[in-house]
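One file, input_25.cif, carrying mmCIF, C-alpha atoms:
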```
data_data
loop_
_atom_site.label_atom_id
_atom_site.label_comp_id
_atom_site.auth_asym_id
_atom_site.auth_seq_id
_atom_site.Cartn_x
_atom_site.Cartn_y
_atom_site.Cartn_z
CA MET A 220 -118.78 88.01 18.21
CA ALA A 221 -117.42 90.80 16.35
CA THR A 222 -117.76 92.76 19.48
CA SER A 223 -115.69 90.44 21.60
CA SER A 224 -113.08 90.11 18.89
CA GLY A 225 -112.96 93.89 18.47
CA THR A 226 -112.65 94.40 22.18
CA SER A 227 -109.82 91.93 22.44
CA SER A 228 -108.07 93.59 19.55
CA PHE A 229 -108.57 96.99 21.21
CA GLU A 230 -107.24 95.63 24.51
CA ASN A 231 -104.16 94.26 22.74
CA PHE A 232 -103.64 97.61 21.05
CA ASP A 233 -104.18 99.44 24.35
CA GLY A 234 -101.78 97.04 26.11
CA ALA A 235 -99.18 97.50 23.39
CA MET A 236 -99.54 101.30 23.74
CA ASP A 237 -99.08 101.05 27.49
CA GLN A 238 -96.01 98.90 27.01
CA ARG A 239 -94.54 101.36 24.47
CA LYS A 240 -95.43 104.22 26.79
CA ARG A 241 -93.65 102.48 29.68
CA LYS A 242 -90.59 101.78 27.50
CA ARG A 243 -90.50 105.41 26.38
CA MET A 244 -90.80 106.60 29.99
CA GLN A 245 -88.03 104.23 31.03
CA SER A 246 -85.89 105.40 28.11
CA ASN A 247 -86.55 109.05 29.05
CA ARG A 248 -85.60 108.34 32.66
CA GLU A 249 -82.34 106.71 31.54
CA SER A 250 -81.63 109.62 29.23
CA ALA A 251 -82.30 112.12 32.04
CA ARG A 252 -80.05 110.10 34.39
CA ARG A 253 -77.23 110.10 31.80
CA SER A 254 -77.73 113.83 31.29
CA ARG A 255 -77.48 114.48 35.07
CA MET A 256 -74.34 112.34 35.20
CA ARG A 257 -72.78 114.32 32.30
CA LYS A 258 -73.67 117.58 34.01
CA GLN A 259 -72.23 116.35 37.32
CA LYS A 260 -69.01 115.21 35.60
CA HIS A 261 -68.76 118.55 33.80
CA LEU A 262 -69.27 120.38 37.12
CA ASP A 263 -66.61 118.20 38.81
CA ASP A 264 -64.19 118.88 35.94
CA LEU A 265 -64.82 122.61 36.22
CA MET A 266 -64.28 122.52 39.99
CA ALA A 267 -60.99 120.65 39.53
CA GLN A 268 -59.89 123.11 36.85
CA ALA A 269 -60.79 126.05 39.12
CA GLN A 270 -58.68 124.53 41.92
CA GLN A 271 -55.73 124.04 39.56
CA LEU A 272 -56.03 127.65 38.40
CA ARG A 273 -56.12 128.86 42.02
CA GLU A 274 -52.94 126.90 42.77
CA GLU A 275 -51.25 128.22 39.63
CA ASN A 276 -52.32 131.75 40.54
CA ALA A 277 -50.80 131.32 44.01
CA ARG A 278 -47.52 130.10 42.47
CA ILE A 279 -47.45 133.04 40.06
CA LEU A 280 -48.15 135.53 42.87
CA SER A 281 -45.36 133.98 44.91
CA SER A 282 -43.01 134.24 41.93
CA ILE A 283 -44.00 137.87 41.40
CA GLY A 284 -43.30 138.60 45.07
CA ALA A 285 -39.86 137.01 44.89
CA THR A 286 -39.10 138.87 41.65
CA ALA A 287 -40.21 142.17 43.20
CA GLN A 288 -37.89 141.56 46.17
CA ARG A 289 -34.98 140.82 43.85
CA CYS A 290 -35.79 143.92 41.82
CA ALA A 291 -35.81 146.08 44.98
CA SER A 292 -32.50 144.56 46.03
CA VAL A 293 -30.93 145.26 42.63
CA GLU A 294 -32.28 148.82 42.67
CA ALA A 295 -30.78 149.39 46.12
CA GLU A 296 -27.44 147.99 44.98
CA ASN A 297 -27.63 150.14 41.85
CA SER A 298 -28.17 153.30 43.90
CA VAL A 299 -25.20 152.42 46.11
CA LEU A 300 -23.06 151.87 43.02
CA ALA A 301 -24.25 155.17 41.53
CA ALA A 302 -23.28 157.00 44.74
CA GLN A 303 -19.88 155.30 44.71
CA MET A 304 -19.42 156.26 41.07
CA MET A 305 -20.18 159.90 41.88
CA GLU A 306 -17.71 159.85 44.78
CA LEU A 307 -15.02 158.22 42.67
CA THR A 308 -15.66 160.75 39.89
CA GLN A 309 -15.13 163.56 42.39
CA ARG A 310 -11.97 161.92 43.68
CA LEU A 311 -10.69 161.58 40.12
CA GLY A 312 -11.42 165.25 39.50
CA SER A 313 -9.49 166.20 42.63
CA LEU A 314 -6.58 164.00 41.61
CA ASP A 315 -6.62 165.54 38.13
CA GLU A 316 -6.40 168.99 39.74
CA ILE A 317 -3.46 167.88 41.85
CA LEU A 318 -1.70 166.35 38.85
CA SER A 319 -2.26 169.46 36.73
CA TYR A 320 -0.88 171.62 39.55
CA ILE A 321 2.12 169.31 39.92
CA GLY A 322 2.66 169.43 36.15
CA SER A 323 2.49 173.23 36.04
CA ALA A 324 4.69 173.58 39.12
CA SER A 325 7.32 171.14 37.81
CA SER A 326 7.83 173.13 34.65
CA GLY A 327 8.75 176.19 36.75
CA VAL A 328 10.93 174.43 39.36
CA GLY A 329 14.28 172.80 38.68
CA GLY A 330 14.66 174.29 35.24
CA GLY A 331 13.38 171.59 33.03
CA GLY A 332 10.51 169.57 31.85
CA GLY A 333 11.58 166.02 32.75
CA GLY A 334 10.78 164.96 36.28
CA CYS A 335 9.05 166.45 39.28
CA MET A 336 11.65 168.20 41.36
CA PHE A 337 10.05 169.98 44.30
CA GLN A 338 11.43 171.58 47.34
CA SER A 339 10.16 169.97 50.50
CA GLU A 340 8.39 173.12 51.72
CA GLU A 341 5.98 172.98 48.79
CA PHE A 342 4.38 169.89 50.31
CA GLN A 343 3.53 171.53 53.60
CA PHE A 344 -0.17 172.15 54.24
CA GLY A 345 -1.82 175.10 55.93
CA ASP A 346 1.20 177.36 56.28
CA GLY A 347 0.80 179.26 53.04
CA GLY A 348 2.84 176.76 51.05
CA ALA A 349 2.25 175.82 47.43
CA TRP A 350 -0.59 173.41 48.13
CA SER A 351 -2.67 175.77 50.18
CA SER A 352 -2.04 178.67 47.80
CA VAL A 353 -4.21 177.08 45.11
CA GLY A 354 -6.85 176.02 47.58
CA LEU A 355 -6.17 172.31 47.41
CA SER A 356 -6.53 172.09 51.16
CA HIS A 357 -10.26 172.60 50.53
CA HIS A 358 -10.46 169.51 48.28
CA PRO A 359 -10.12 166.55 50.59
CA ILE A 360 -9.66 163.21 48.98
CA MET A 361 -11.81 160.88 50.94
CA ALA A 362 -10.52 157.39 51.46
CA GLU A 363 -13.48 155.35 52.62
CA MET A 364 -13.43 151.62 52.79
CA TYR A 365 -16.53 149.78 51.69
CA ASP A 366 -17.27 146.32 52.98
CA TYR A 367 -18.77 144.09 50.33
#
```
Before we go any further, please render this structure as structure tokens.
Amino acid sequence: MATSSGTSSFENFDGAMDQRKRKRMQSNRESARRSRMRKQKHLDDLMAQAQQLREENARILSSIGATAQRCASVEAENSVLAAQMMELTQRLGSLDEILSYIGSASSGVGGGGGGCMFQSEEFQFGDGGAWSSVGLSHHPIMAEMYDY
């Protein structure tokens, strides 16, 4: 009888081991399933983040393009203004020459230093008059109109 009692005890032990083994396998399967779900969620999160970064990158590139266009426009306007400044500087120099000539001529004409008293022939161009004698006929004062 010891044999049948020992066998039954062994069968109970073996059955309990099988049950624990099945529970462990089930638990491992659940753990693996949860792990796959975490990995899938992490992958989905990374894919969503990558898409957001692509969209942000596109917005930044668009902003850079618009800024580059504005920069080119400002540079073009700046070069136009620099050319205008050079022209106006030349005009001012020519006008200064004229004024200095008028100032030196007025001290010799009319006997005094007050006003500008010129004879009308001094204002004639190209006939050897006072203006052409100093070469002012070679300094044209350009009067261009700019449309802005």
- Rounded to one decimal place, report the atom CA of A:Gln271-atom CA of A:Ala287 distance in Å. 24.1 Å
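The two atoms in question, atom CA of A:Gly234 and atom CA of A:Ser250, are spaced 24.0 Å apart.
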Edge lengths and centre, in Å to one decimal, as lines of an AutoDock Vina configuration file: that's what I need for the box along x, y and z that holds all listed atoms of stretch 254-260 of chain A plus 6 Å on each side.
```
center_x = -73.4
center_y = 115.0
center_z = 34.3
size_x = 20.7
size_y = 17.2
size_z = 18.0
```
